[in-house]
file start.cif (mmCIF, C-alpha atoms)
data_protein
#
loop_
_atom_site.label_atom_id
_atom_site.label_comp_id
_atom_site.auth_asym_id
_atom_site.auth_seq_id
_atom_site.Cartn_x
_atom_site.Cartn_y
_atom_site.Cartn_z
CA MET A 1 85.58 87.77 67.75
CA ALA A 2 86.55 88.46 71.33
CA ARG A 3 85.98 85.76 73.91
CA ILE A 4 85.19 86.28 77.61
CA ILE A 5 87.09 83.60 79.49
CA GLY A 6 85.85 84.32 83.01
CA ALA A 7 85.97 86.67 85.99
CA LEU A 8 88.49 87.35 88.74
CA ALA A 9 87.85 89.25 91.94
CA THR A 10 89.99 90.36 94.86
CA SER A 11 90.11 92.77 97.74
CA HIS A 12 92.48 95.70 97.23
CA ILE A 13 93.80 96.82 100.63
CA PRO A 14 96.59 99.40 100.10
CA ALA A 15 98.91 97.57 102.53
CA ILE A 16 99.09 94.68 100.01
CA GLY A 17 101.29 96.86 97.81
CA GLY A 18 103.70 97.43 100.69
CA ALA A 19 103.79 93.70 101.46
CA ILE A 20 104.66 92.91 97.81
CA ALA A 21 107.33 95.62 97.73
CA LYS A 22 108.91 94.22 100.90
CA GLY A 23 108.65 90.58 99.79
CA LEU A 24 106.44 89.61 102.75
CA GLU A 25 104.24 87.11 100.88
CA GLN A 26 105.32 84.21 103.12
CA ASP A 27 105.30 86.22 106.34
CA PRO A 28 102.81 84.58 108.77
CA TYR A 29 100.46 87.59 108.64
CA TRP A 30 100.35 87.67 104.83
CA LYS A 31 100.74 84.00 103.86
CA PRO A 32 97.03 83.05 104.21
CA PHE A 33 96.19 85.92 101.86
CA PHE A 34 98.86 85.48 99.17
CA ASP A 35 98.70 81.68 99.10
CA GLY A 36 95.11 81.98 97.89
CA PHE A 37 96.30 83.34 94.54
CA GLY A 38 98.31 80.31 93.39
CA PRO A 39 95.57 78.38 91.55
CA ALA A 40 94.21 81.58 89.99
CA ARG A 41 97.68 82.48 88.70
CA ASP A 42 98.08 78.98 87.28
CA TRP A 43 94.75 79.35 85.47
CA ILE A 44 95.79 82.75 84.07
CA GLY A 45 99.08 81.22 82.97
CA ARG A 46 97.22 78.54 81.04
CA GLU A 47 94.50 80.76 79.56
CA LYS A 48 96.64 83.83 78.89
CA PRO A 49 93.95 86.53 78.69
CA ASP A 50 94.98 89.41 76.43
CA VAL A 51 92.77 92.05 78.01
CA ALA A 52 91.40 92.71 81.50
CA ILE A 53 88.42 94.95 82.13
CA VAL A 54 88.82 96.20 85.69
CA PHE A 55 85.73 97.27 87.63
CA TYR A 56 87.00 99.30 90.58
CA ASN A 57 86.37 102.40 92.67
CA ASP A 58 88.63 105.44 92.84
CA HIS A 59 89.59 106.52 96.37
CA GLY A 60 90.23 110.18 95.69
CA LEU A 61 93.16 110.02 93.30
CA ASN A 62 91.61 110.71 89.90
CA PHE A 63 88.20 112.01 90.96
CA PHE A 64 87.31 114.61 93.56
CA LEU A 65 83.94 115.86 94.74
CA ASP A 66 84.06 118.73 92.23
CA LYS A 67 83.14 116.24 89.48
CA MET A 68 82.08 112.82 90.68
CA PRO A 69 80.90 110.44 87.96
CA THR A 70 78.69 107.51 88.88
CA PHE A 71 80.31 105.42 86.14
CA ALA A 72 83.50 106.31 84.25
CA VAL A 73 85.25 104.35 81.50
CA GLY A 74 88.92 104.76 80.62
CA ALA A 75 89.78 105.31 76.96
CA ALA A 76 93.49 106.00 77.20
CA PRO A 77 96.50 104.36 75.57
CA GLU A 78 98.04 103.94 79.02
CA TYR A 79 97.18 104.46 82.67
CA ARG A 80 99.51 105.61 85.42
CA ASN A 81 99.25 105.41 89.17
CA ASP A 82 100.52 107.92 91.72
CA ASP A 83 101.54 107.86 95.36
CA GLU A 84 98.00 108.65 96.64
CA GLY A 85 99.41 110.71 99.47
CA TRP A 86 101.13 107.80 101.18
CA GLY A 87 104.27 107.43 99.11
CA ILE A 88 102.97 104.36 97.21
CA PRO A 89 105.63 103.38 94.62
CA THR A 90 105.00 104.71 91.14
CA LEU A 91 104.60 101.78 88.74
CA PRO A 92 105.33 101.48 85.03
CA PRO A 93 102.23 102.52 83.07
CA PHE A 94 99.49 99.98 82.40
CA LYS A 95 98.70 99.60 78.71
CA GLY A 96 95.20 100.49 77.59
CA ALA A 97 93.05 99.07 74.81
CA PRO A 98 91.43 102.20 73.33
CA ASP A 99 89.67 100.31 70.53
CA LEU A 100 87.91 98.12 73.04
CA SER A 101 87.29 101.08 75.36
CA TRP A 102 85.41 102.87 72.60
CA ALA A 103 83.48 99.75 71.65
CA ILE A 104 82.37 99.55 75.29
CA ILE A 105 81.61 103.28 75.51
CA ASN A 106 79.55 103.24 72.33
CA HIS A 107 77.54 100.24 73.46
CA LEU A 108 76.99 101.54 77.01
CA VAL A 109 75.59 104.85 75.79
CA GLU A 110 73.40 103.01 73.29
CA ARG A 111 72.12 101.01 76.26
CA GLU A 112 71.38 104.30 78.09
CA PHE A 113 74.28 104.26 80.55
CA ASP A 114 75.30 107.93 80.57
CA ILE A 115 78.93 107.40 81.44
CA VAL A 116 81.92 109.72 81.71
CA THR A 117 84.76 108.92 79.30
CA CYS A 118 88.39 109.51 80.26
CA GLN A 119 91.26 109.87 77.81
CA GLU A 120 93.48 110.69 80.77
CA MET A 121 92.95 108.83 84.01
CA LEU A 122 95.12 108.16 87.03
CA VAL A 123 94.45 104.72 88.47
CA ASP A 124 94.79 104.02 92.18
CA HIS A 125 95.49 100.90 94.23
CA ALA A 126 92.03 99.49 93.49
CA PHE A 127 93.07 99.16 89.85
CA THR A 128 96.77 98.38 90.22
CA LEU A 129 96.69 95.77 93.01
CA PRO A 130 94.52 93.18 91.22
CA ILE A 131 96.88 93.34 88.23
CA LYS A 132 99.91 92.96 90.52
CA LEU A 133 98.27 90.10 92.41
CA PHE A 134 97.08 88.10 89.41
CA TRP A 135 100.17 88.81 87.24
CA PRO A 136 102.95 88.91 89.86
CA GLU A 137 105.71 88.31 87.30
CA GLY A 138 104.61 91.27 85.16
CA GLY A 139 103.57 90.89 81.54
CA GLY A 140 100.05 91.85 82.50
CA PRO A 141 97.21 92.29 80.04
CA LEU A 142 95.93 95.29 78.17
CA THR A 143 93.41 97.04 80.39
CA VAL A 144 90.15 98.96 80.37
CA PRO A 145 89.29 100.68 83.68
CA VAL A 146 85.61 100.96 84.59
CA CYS A 147 85.19 103.10 87.70
CA ILE A 148 82.08 102.91 89.89
CA ASN A 149 81.38 105.64 92.47
CA THR A 150 81.45 104.22 95.99
CA VAL A 151 82.56 107.50 97.61
CA GLN A 152 79.63 109.92 97.50
CA PHE A 153 76.03 108.85 98.01
CA PRO A 154 73.75 108.28 96.22
CA LEU A 155 75.63 105.27 94.85
CA PRO A 156 74.33 103.33 91.88
CA SER A 157 72.16 100.43 93.01
CA ALA A 158 73.47 96.89 92.94
CA ARG A 159 70.86 96.14 90.28
CA ARG A 160 72.20 98.99 88.16
CA CYS A 161 75.78 97.75 88.54
CA VAL A 162 74.69 94.31 87.38
CA GLY A 163 73.11 95.99 84.35
CA LEU A 164 76.31 97.91 83.68
CA GLY A 165 78.36 94.75 83.83
CA ARG A 166 75.97 92.91 81.56
CA ALA A 167 76.17 95.71 78.96
CA VAL A 168 79.98 95.68 79.12
CA GLY A 169 79.89 91.94 78.51
CA GLU A 170 77.63 92.46 75.48
CA ALA A 171 80.04 95.04 74.07
CA VAL A 172 83.02 92.74 74.50
CA ALA A 173 81.23 89.76 72.97
CA ALA A 174 80.34 91.88 69.93
CA TRP A 175 83.81 93.41 69.58
CA ASP A 176 85.72 92.20 66.55
CA GLY A 177 89.14 92.15 68.23
CA ASP A 178 90.49 88.61 68.26
CA LYS A 179 91.30 88.66 71.99
CA LYS A 180 90.67 86.71 75.16
CA VAL A 181 89.14 88.96 77.77
CA VAL A 182 88.88 88.50 81.53
CA MET A 183 86.68 90.58 83.84
CA ILE A 184 88.09 91.76 87.18
CA GLY A 185 86.09 92.99 90.18
CA SER A 186 88.14 94.88 92.78
CA GLY A 187 87.27 95.64 96.38
CA GLY A 188 85.50 94.41 99.49
CA LEU A 189 84.69 92.24 101.14
CA SER A 190 83.04 93.43 104.36
CA HIS A 191 84.85 96.27 106.09
CA GLN A 192 84.26 99.71 107.50
CA LEU A 193 86.98 102.30 108.05
CA ASP A 194 84.96 105.23 109.36
CA GLY A 195 82.89 105.98 112.42
CA GLN A 196 82.27 104.18 115.67
CA ARG A 197 81.40 101.06 113.70
CA ALA A 198 84.97 100.90 112.30
CA GLY A 199 86.24 97.33 112.22
CA PHE A 200 82.86 95.86 111.26
CA ILE A 201 83.13 92.51 109.44
CA ASN A 202 80.31 90.15 108.39
CA LYS A 203 81.72 86.70 107.67
CA PRO A 204 78.47 84.80 107.02
CA PHE A 205 77.31 87.42 104.51
CA ASP A 206 80.68 87.44 102.73
CA LEU A 207 80.75 83.66 102.37
CA LYS A 208 77.20 83.60 101.05
CA PHE A 209 78.05 86.41 98.64
CA MET A 210 81.13 84.59 97.33
CA GLN A 211 79.09 81.44 96.72
CA SER A 212 76.39 83.49 95.00
CA MET A 213 78.98 84.79 92.54
CA VAL A 214 79.34 81.22 91.31
CA ASP A 215 75.76 80.02 91.05
CA GLU A 216 73.38 82.92 91.73
CA PRO A 217 75.18 86.01 90.41
CA GLU A 218 72.35 88.51 91.03
CA TRP A 219 71.62 87.38 94.59
CA ALA A 220 73.11 90.48 96.22
CA ALA A 221 71.23 92.78 93.85
CA GLN A 222 68.07 92.11 95.90
CA TYR A 223 69.43 94.51 98.52
CA SER A 224 69.35 98.32 98.50
CA ILE A 225 72.57 100.27 98.93
CA HIS A 226 71.53 101.11 102.50
CA GLU A 227 70.96 97.43 103.27
CA LEU A 228 74.32 96.52 101.74
CA VAL A 229 76.09 99.17 103.83
CA GLU A 230 74.39 97.73 106.90
CA LYS A 231 75.43 94.18 105.97
CA THR A 232 78.95 94.82 104.63
CA GLY A 233 80.12 98.19 106.00
CA THR A 234 80.68 101.55 104.36
CA GLN A 235 83.60 100.15 102.36
CA GLY A 236 82.20 96.64 101.99
CA ILE A 237 79.88 98.27 99.48
CA GLU A 238 82.79 97.86 97.05
CA LEU A 239 81.25 94.47 96.32
CA LEU A 240 79.40 96.41 93.61
CA ASN A 241 82.57 95.94 91.55
CA TRP A 242 82.40 92.16 91.99
CA LEU A 243 78.74 92.16 90.94
CA ALA A 244 79.48 94.15 87.79
CA ALA A 245 82.46 91.97 86.84
CA ARG A 246 80.45 88.78 87.29
CA ALA A 247 77.57 90.17 85.24
CA ALA A 248 80.08 91.02 82.50
CA ALA A 249 81.03 87.33 82.30
CA PRO A 250 77.49 86.01 81.90
CA GLY A 251 76.29 82.47 81.93
CA PRO A 252 77.40 79.48 83.95
CA VAL A 253 80.90 79.38 85.38
CA HIS A 254 82.91 76.96 87.38
CA LYS A 255 85.05 77.98 90.29
CA VAL A 256 88.78 77.75 89.70
CA HIS A 257 89.57 78.78 93.25
CA SER A 258 88.41 80.98 96.11
CA ASN A 259 90.02 82.24 99.27
CA TYR A 260 88.70 84.17 102.26
CA HIS A 261 90.80 85.48 105.12
CA ILE A 262 90.10 87.69 108.16
CA PRO A 263 91.71 90.17 108.61
CA ILE A 264 94.05 91.94 106.26
CA SER A 265 94.30 95.43 107.65
CA ASN A 266 90.68 96.20 108.66
CA THR A 267 89.20 94.05 105.93
CA ALA A 268 87.80 90.59 105.28
CA ALA A 269 89.88 89.71 102.22
CA GLY A 270 88.27 87.68 99.45
CA MET A 271 89.63 86.22 96.22
CA LEU A 272 87.67 84.44 93.54
CA ALA A 273 88.56 83.03 90.11
CA LEU A 274 85.73 81.87 87.86
CA GLU A 275 86.06 80.23 84.46
CA ALA A 276 83.30 80.58 81.88
CA ALA A 277 81.79 77.14 81.42
CA MET B 1 61.32 109.22 100.54
CA SER B 2 60.96 107.56 103.89
CA ALA B 3 63.80 107.95 106.37
CA LEU B 4 66.29 105.13 106.25
CA ARG B 5 66.87 103.02 109.31
CA GLU B 6 69.88 104.33 111.17
CA ILE B 7 73.02 102.16 111.18
CA PHE B 8 74.99 102.41 114.42
CA GLY B 9 78.20 104.42 114.15
CA THR B 10 77.71 105.04 110.45
CA THR B 11 77.08 108.26 108.53
CA PRO B 12 76.60 107.72 104.79
CA PHE B 13 78.59 110.38 102.93
CA ASP B 14 75.66 111.99 101.14
CA GLY B 15 75.03 115.34 99.50
CA ALA B 16 74.62 117.16 102.83
CA MET B 17 77.94 115.79 104.12
CA ALA B 18 79.66 116.42 100.79
CA GLN B 19 78.64 120.08 100.97
CA ARG B 20 79.54 120.46 104.63
CA GLY B 21 82.96 118.89 104.19
CA TYR B 22 83.93 120.32 100.82
CA ALA B 23 86.80 122.57 101.93
CA LEU B 24 88.22 119.98 104.32
CA ASN B 25 88.06 117.21 101.70
CA LYS B 26 89.54 119.48 99.05
CA MET B 27 92.49 120.17 101.31
CA CYS B 28 92.98 116.46 101.95
CA PHE B 29 92.65 115.70 98.22
CA SER B 30 95.53 118.14 97.64
CA PHE B 31 97.75 115.85 99.73
CA ASN B 32 97.99 113.51 96.73
CA ASN B 33 100.81 115.88 95.78
CA ALA B 34 104.06 115.62 97.76
CA ALA B 35 104.80 119.35 97.48
CA ASN B 36 101.40 120.10 99.01
CA ARG B 37 102.08 117.72 101.87
CA ALA B 38 105.34 119.53 102.53
CA ALA B 39 103.59 122.91 102.44
CA PHE B 40 101.01 121.70 104.97
CA ARG B 41 103.71 120.38 107.29
CA ALA B 42 105.61 123.67 107.03
CA ASP B 43 102.63 125.83 108.08
CA GLU B 44 99.38 124.03 108.91
CA GLU B 45 97.47 127.19 109.80
CA ALA B 46 98.33 128.99 106.56
CA TYR B 47 97.50 125.88 104.55
CA MET B 48 94.08 125.47 106.21
CA LEU B 49 93.37 129.16 105.66
CA ALA B 50 94.22 128.86 101.96
CA TYR B 51 91.65 126.06 101.60
CA GLY B 52 89.01 127.92 103.58
CA LEU B 53 88.42 125.40 106.34
CA ASN B 54 85.78 126.48 108.83
CA GLY B 55 86.44 126.66 112.56
CA GLU B 56 85.06 123.20 113.29
CA GLN B 57 87.22 121.63 110.59
CA ALA B 58 90.39 123.49 111.60
CA LYS B 59 89.85 122.54 115.22
CA ALA B 60 89.49 118.86 114.33
CA ILE B 61 92.62 118.98 112.14
CA ARG B 62 94.61 120.60 114.97
CA ALA B 63 93.38 118.00 117.47
CA ARG B 64 93.84 115.03 115.02
CA ASP B 65 90.26 114.21 116.04
CA VAL B 66 89.05 111.55 113.60
CA LEU B 67 85.40 111.50 114.70
CA GLY B 68 85.43 115.30 114.73
CA LEU B 69 86.74 115.35 111.17
CA LEU B 70 83.93 113.00 110.08
CA THR B 71 81.32 115.14 111.82
CA ALA B 72 82.75 118.20 110.05
CA GLY B 73 82.05 116.52 106.72
CA GLY B 74 85.31 114.71 106.15
CA ASN B 75 85.20 111.64 103.92
CA VAL B 76 87.38 108.76 105.00
CA TYR B 77 88.98 108.32 101.56
CA TYR B 78 90.31 111.90 101.64
CA LEU B 79 91.01 111.89 105.37
CA ALA B 80 93.21 108.83 104.80
CA LYS B 81 95.64 111.11 102.97
CA PHE B 82 95.81 113.36 106.04
CA ALA B 83 96.38 110.25 108.18
CA GLY B 84 99.21 109.35 105.81
CA ILE B 85 100.98 112.61 106.59
CA LEU B 86 100.75 111.74 110.29
CA GLY B 87 102.06 108.23 109.63
CA LEU B 88 98.83 106.64 110.89
CA ASP B 89 97.30 103.49 109.38
CA VAL B 90 93.67 102.38 109.35
CA GLN B 91 94.08 100.43 112.59
CA ASP B 92 95.19 103.66 114.27
CA LEU B 93 92.08 105.35 112.88
CA GLY B 94 89.88 102.44 113.92
CA ALA B 95 91.25 102.50 117.43
CA ALA B 96 90.78 106.27 117.68
CA GLN B 97 87.16 106.06 116.54
CA THR B 98 86.16 103.17 118.77
CA GLY B 99 87.99 104.35 121.88
CA MET B 100 90.13 101.19 121.98
CA SER B 101 93.86 100.71 122.06
CA LYS B 102 95.35 99.74 118.70
CA GLU B 103 96.21 96.29 120.04
CA ALA B 104 92.66 95.76 121.27
CA PHE B 105 91.25 96.94 117.95
CA LYS B 106 93.48 94.52 116.04
CA ALA B 107 92.56 91.68 118.38
CA ARG B 108 88.89 92.43 117.79
CA LEU B 109 89.45 92.16 114.03
CA VAL B 110 91.10 88.75 114.44
CA ALA B 111 88.22 87.65 116.67
CA GLN B 112 85.79 88.21 113.77
CA ASN B 113 86.97 84.78 112.55
CA GLU B 114 84.74 83.31 115.25
CA GLN B 115 81.59 84.43 113.46
CA PRO B 116 79.45 81.63 112.04
CA GLU B 117 79.98 80.62 108.43
CA THR B 118 76.34 80.67 107.38
CA MET B 119 73.70 83.39 107.47
#
call {"tool": "encode", "arguments": {"input": "start.cif", "output": "structure tokens"}}
result
Amino acid sequence: MARIIGALATSHIPAIGGAIAKGLEQDPYWKPFFDGFGPARDWIGREKPDVAIVFYNDHGLNFFLDKMPTFAVGAAPEYRNDDEGWGIPTLPPFKGAPDLSWAIINHLVEREFDIVTCQEMLVDHAFTLPIKLFWPEGGGPLTVPVCINTVQFPLPSARRCVGLGRAVGEAVAAWDGDKKVVMIGSGGLSHQLDGQRAGFINKPFDLKFMQSMVDEPEWAAQYSIHELVEKTGTQGIELLNWLAARAAAPGPVHKVHSNYHIPISNTAAGMLALEAA
Amino acid sequence: MSALREIFGTTPFDGAMAQRGYALNKMCFSFNNAANRAAFRADEEAYMLAYGLNGEQAKAIRARDVLGLLTAGGNVYYLAKFAGILGLDVQDLGAAQTGMSKEAFKARLVAQNEQPETM
């Protein structure tokens, strides 16, 4: 039987990829961000998860407004990135876990989540950066991408994303693959790129949210999408991915490590590693 | 449905915006491809024409007017690919939208550390 060992979460600012490529991890600007990953990497090194399920949002690489799924699940043998319009380096493909993907797809539809399934899927920085950050030496896990629409409103409610995560966790727990599985939530924390409110950051909300991930994992689901945009910014709404990942690793957890740093690019950067108790 | 409380300086990218901005966003989505970026650089007017941008959208592209592009239905995730062609980062965009210098915008981000730690 598969075992869910915990949940990881991190912001996914595109500039992180450039900093890694240029070896700037100890540069004064980047050090407070990258240093936060040490204890999480040590934990991953000890636990050695075989598979990561990555809850993330596509930023207009794989999906356009012609067909915009609310939830999409990857079911491919491998996933490739692309330069996203900015010349981002093309990475070696990320290995998929199609058996697990289909176990998740079958269970989600049974639970009345009417998802889109993708046997071909480009993955953008929101998917690739968490893998690069948590497995900096390579040798990363098999992966299953779960994409949540944060581009075009209406977005799925926080409550619905919690439900999605919970159903993914059920599917994994029932899967007969003898693997250790870790959930990853990608995005946030508070930031806004567009409009006159660009640069918005909400530190007290972010810190409360990060604590709630440990001991009150549905706390943020009390808010509507509109309220969450108001409190976290138009891109801070990416916290939906954290909520889903945490719900997919149900039950009590203990915190391996957390880190919070303002700013990276325009963003309040958060990192959290939780071990299933 | 009751009207939602307005959030200062924020326009949720909803169905009305997605319809208004479709041609503009489709053009920007095409910039995922390097050959398309080169074609745009070679002849911006012809490229905009091929994607059917309306006058408001074309004017905002010509003027590199970020707020104008948003008003014309642009979505920031697609517009970011246009900004990439121009070599602009999100601090440049933030400064342009808030009427600040880039240095002032960056300093304001750093100053967010002074917010309280509890709600």
call {"tool": "closest_residue", "arguments": {"input": "start.cif", "among": "A:Asp114, A:Glu216, A:Asp27, A:Asp124", "to": "chain B", "atoms": "all atoms listed in the file"}}
result
A:Asp124
call {"tool": "residues_around", "arguments": {"input": "start.cif", "residues": "Ala126 in chain A", "least_positions_apart": "4", "cutoff": "9 Å", "atoms": "all atoms listed in the file", "output": "ChimeraX atom specification"}}
result
/A:11-14,55-59,130,186-187
call {"tool": "interface_residues", "arguments": {"input": "start.cif", "of": "chain A", "to": "chain B", "cutoff": "10 Å", "atoms": "all atoms listed in the file", "output": "JSON, numbers by chain"}}
result
{"A": [15, 58, 59, 60, 61, 62, 63, 64, 65, 66, 82, 83, 84, 85, 86, 87, 150, 151, 152, 153, 154, 155, 192, 193, 194, 195, 196, 197, 198, 199, 200, 201, 202, 203, 204, 205, 206, 207, 208, 226, 227, 229, 230, 231, 233, 234, 235, 261, 262, 263, 264, 265, 266, 267, 268]}
call {"tool": "resolve_selection", "arguments": {"input": "start.cif", "expression": "the PyMOL selection byres ((chain A and resi 79) around 7)", "output": "PDB file with C-alpha atoms, keeping the file's coordinate frame"}}
result
ATOM      1  CA  ALA A  76      93.490 106.000  77.200  1.00  0.00           C
ATOM      2  CA  GLU A  78      98.040 103.940  79.020  1.00  0.00           C
ATOM      3  CA  ARG A  80      99.510 105.610  85.420  1.00  0.00           C
ATOM      4  CA  ASN A  81      99.250 105.410  89.170  1.00  0.00           C
ATOM      5  CA  PRO A  93     102.230 102.520  83.070  1.00  0.00           C
ATOM      6  CA  PHE A  94      99.490  99.980  82.400  1.00  0.00           C
ATOM      7  CA  LYS A  95      98.700  99.600  78.710  1.00  0.00           C
ATOM      8  CA  GLY A  96      95.200 100.490  77.590  1.00  0.00           C
ATOM      9  CA  MET A 121      92.950 108.830  84.010  1.00  0.00           C
ATOM     10  CA  LEU A 122      95.120 108.160  87.030  1.00  0.00           C
ATOM     11  CA  VAL A 123      94.450 104.720  88.470  1.00  0.00           C
TER      12      VAL A 123
END
call {"tool": "closest_residue", "arguments": {"input": "start.cif", "among": "A:Lys22, A:His254, A:Arg46, A:His107", "to": "Val172 in chain A", "atoms": "only C-alpha atoms"}}
result
A:His107
call {"tool": "atom_distance", "arguments": {"input": "start.cif", "atom1": "CA of Pro32 in chain A", "atom2": "CA of Arg246 in chain A"}}
result
24.4 Å
call {"tool": "residues_around", "arguments": {"input": "start.cif", "residues": "Leu142 in chain A", "least_positions_apart": "2", "cutoff": "10 Å", "atoms": "all atoms listed in the file", "output": "short mmCIF file (atom, residue, chain, number, x, y, z; two decimals) with C-alpha atoms, keeping the file's coordinate frame"}}
result
data_model
loop_
_atom_site.label_atom_id
_atom_site.label_comp_id
_atom_site.auth_asym_id
_atom_site.auth_seq_id
_atom_site.Cartn_x
_atom_site.Cartn_y
_atom_site.Cartn_z
CA PRO A 49 93.95 86.53 78.69
CA ASP A 50 94.98 89.41 76.43
CA VAL A 51 92.77 92.05 78.01
CA ALA A 52 91.40 92.71 81.50
CA ILE A 53 88.42 94.95 82.13
CA PRO A 77 96.50 104.36 75.57
CA GLU A 78 98.04 103.94 79.02
CA PHE A 94 99.49 99.98 82.40
CA LYS A 95 98.70 99.60 78.71
CA GLY A 96 95.20 100.49 77.59
CA ALA A 97 93.05 99.07 74.81
CA PRO A 98 91.43 102.20 73.33
CA LEU A 100 87.91 98.12 73.04
CA GLY A 139 103.57 90.89 81.54
CA GLY A 140 100.05 91.85 82.50
CA VAL A 144 90.15 98.96 80.37
CA VAL A 181 89.14 88.96 77.77
#
call {"tool": "residues_near_point", "arguments": {"input": "start.cif", "point": "(77.5, 86.9, 83.7)", "cutoff": "8 Å", "atoms": "only C-alpha atoms", "output": "VMD selection string"}}
result
chain A and resid 165 to 166 169 217 245 to 252
call {"tool": "write_last_selection", "arguments": {"input": "start.cif", "atoms": "C-alpha atoms", "output": "short mmCIF file (atom, residue, chain, number, x, y, z; two decimals), in the coordinates of the input"}}
result
data_model
loop_
_atom_site.label_atom_id
_atom_site.label_comp_id
_atom_site.auth_asym_id
_atom_site.auth_seq_id
_atom_site.Cartn_x
_atom_site.Cartn_y
_atom_site.Cartn_z
CA GLY A 165 78.36 94.75 83.83
CA ARG A 166 75.97 92.91 81.56
CA GLY A 169 79.89 91.94 78.51
CA PRO A 217 75.18 86.01 90.41
CA ALA A 245 82.46 91.97 86.84
CA ARG A 246 80.45 88.78 87.29
CA ALA A 247 77.57 90.17 85.24
CA ALA A 248 80.08 91.02 82.50
CA ALA A 249 81.03 87.33 82.30
CA PRO A 250 77.49 86.01 81.90
CA GLY A 251 76.29 82.47 81.93
CA PRO A 252 77.40 79.48 83.95
#
call {"tool": "atom_distance", "arguments": {"input": "start.cif", "atom1": "CA of Val168 in chain A", "atom2": "CA of Gly45 in chain A"}}
result
24.3 Å
call {"tool": "atom_distance", "arguments": {"input": "start.cif", "atom1": "CA of Ala7 in chain A", "atom2": "CA of His191 in chain A"}}
result
22.3 Å
call {"tool": "resolve_selection", "arguments": {"input": "start.cif", "expression": "the PyMOL selection byres ((chain A and resi 74) around 9)", "output": "PDB file with C-alpha atoms, in the coordinates of the input"}}
result
ATOM      1  CA  ALA A  72      83.500 106.310  84.250  1.00  0.00           C
ATOM      2  CA  VAL A  73      85.250 104.350  81.500  1.00  0.00           C
ATOM      3  CA  ALA A  75      89.780 105.310  76.960  1.00  0.00           C
ATOM      4  CA  ALA A  76      93.490 106.000  77.200  1.00  0.00           C
ATOM      5  CA  TYR A  79      97.180 104.460  82.670  1.00  0.00           C
ATOM      6  CA  GLY A  96      95.200 100.490  77.590  1.00  0.00           C
ATOM      7  CA  PRO A  98      91.430 102.200  73.330  1.00  0.00           C
ATOM      8  CA  SER A 101      87.290 101.080  75.360  1.00  0.00           C
ATOM      9  CA  TRP A 102      85.410 102.870  72.600  1.00  0.00           C
ATOM     10  CA  VAL A 116      81.920 109.720  81.710  1.00  0.00           C
ATOM     11  CA  THR A 117      84.760 108.920  79.300  1.00  0.00           C
ATOM     12  CA  CYS A 118      88.390 109.510  80.260  1.00  0.00           C
ATOM     13  CA  GLN A 119      91.260 109.870  77.810  1.00  0.00           C
ATOM     14  CA  GLU A 120      93.480 110.690  80.770  1.00  0.00           C
ATOM     15  CA  MET A 121      92.950 108.830  84.010  1.00  0.00           C
ATOM     16  CA  THR A 143      93.410  97.040  80.390  1.00  0.00           C
ATOM     17  CA  VAL A 144      90.150  98.960  80.370  1.00  0.00           C
ATOM     18  CA  PRO A 145      89.290 100.680  83.680  1.00  0.00           C
ATOM     19  CA  VAL A 146      85.610 100.960  84.590  1.00  0.00           C
ATOM     20  CA  CYS A 147      85.190 103.100  87.700  1.00  0.00           C
TER      21      CYS A 147
END
call {"tool": "residues_near_point", "arguments": {"input": "start.cif", "point": "(88.1, 123.8, 113.1)", "cutoff": "12 Å", "atoms": "all atoms listed in the file", "output": "PyMOL selection string"}}
result
chain B and resi 21+23-24+45+48-49+52-65+68-74
call {"tool": "resolve_selection", "arguments": {"input": "start.cif", "expression": "the PyMOL selection byres ((chain A and resi 175) around 7)", "output": "VMD selection string"}}
result
chain A and resid 1 to 2 103 171 to 174 176 to 177
call {"tool": "axis_aligned_box", "arguments": {"input": "start.cif", "around": "range 224-230 of chain A", "padding_each_side": "4 Å", "output": "AutoDock Vina command-line options"}}
result
--center_x 72.7 --center_y 98.8 --center_z 102.7 --size_x 14.7 --size_y 12.6 --size_z 16.4
call {"tool": "residues_around", "arguments": {"input": "start.cif", "residues": "Ala21 in chain A", "least_positions_apart": "5", "cutoff": "12 Å", "atoms": "only C-alpha atoms", "output": "PyMOL selection string"}}
result
chain A and resi 14-16+88-91+129+132-133+136
call {"tool": "write_last_selection", "arguments": {"input": "start.cif", "atoms": "C-alpha atoms", "output": "mmCIF file, in the coordinates of the input"}}
result
data_model
loop_
_atom_site.group_PDB
_atom_site.id
_atom_site.type_symbol
_atom_site.label_atom_id
_atom_site.label_comp_id
_atom_site.auth_asym_id
_atom_site.auth_seq_id
_atom_site.Cartn_x
_atom_site.Cartn_y
_atom_site.Cartn_z
ATOM 1 C CA PRO A 14 96.590 99.400 100.100
ATOM 2 C CA ALA A 15 98.910 97.570 102.530
ATOM 3 C CA ILE A 16 99.090 94.680 100.010
ATOM 4 C CA ILE A 88 102.970 104.360 97.210
ATOM 5 C CA PRO A 89 105.630 103.380 94.620
ATOM 6 C CA THR A 90 105.000 104.710 91.140
ATOM 7 C CA LEU A 91 104.600 101.780 88.740
ATOM 8 C CA LEU A 129 96.690 95.770 93.010
ATOM 9 C CA LYS A 132 99.910 92.960 90.520
ATOM 10 C CA LEU A 133 98.270 90.100 92.410
ATOM 11 C CA PRO A 136 102.950 88.910 89.860
#
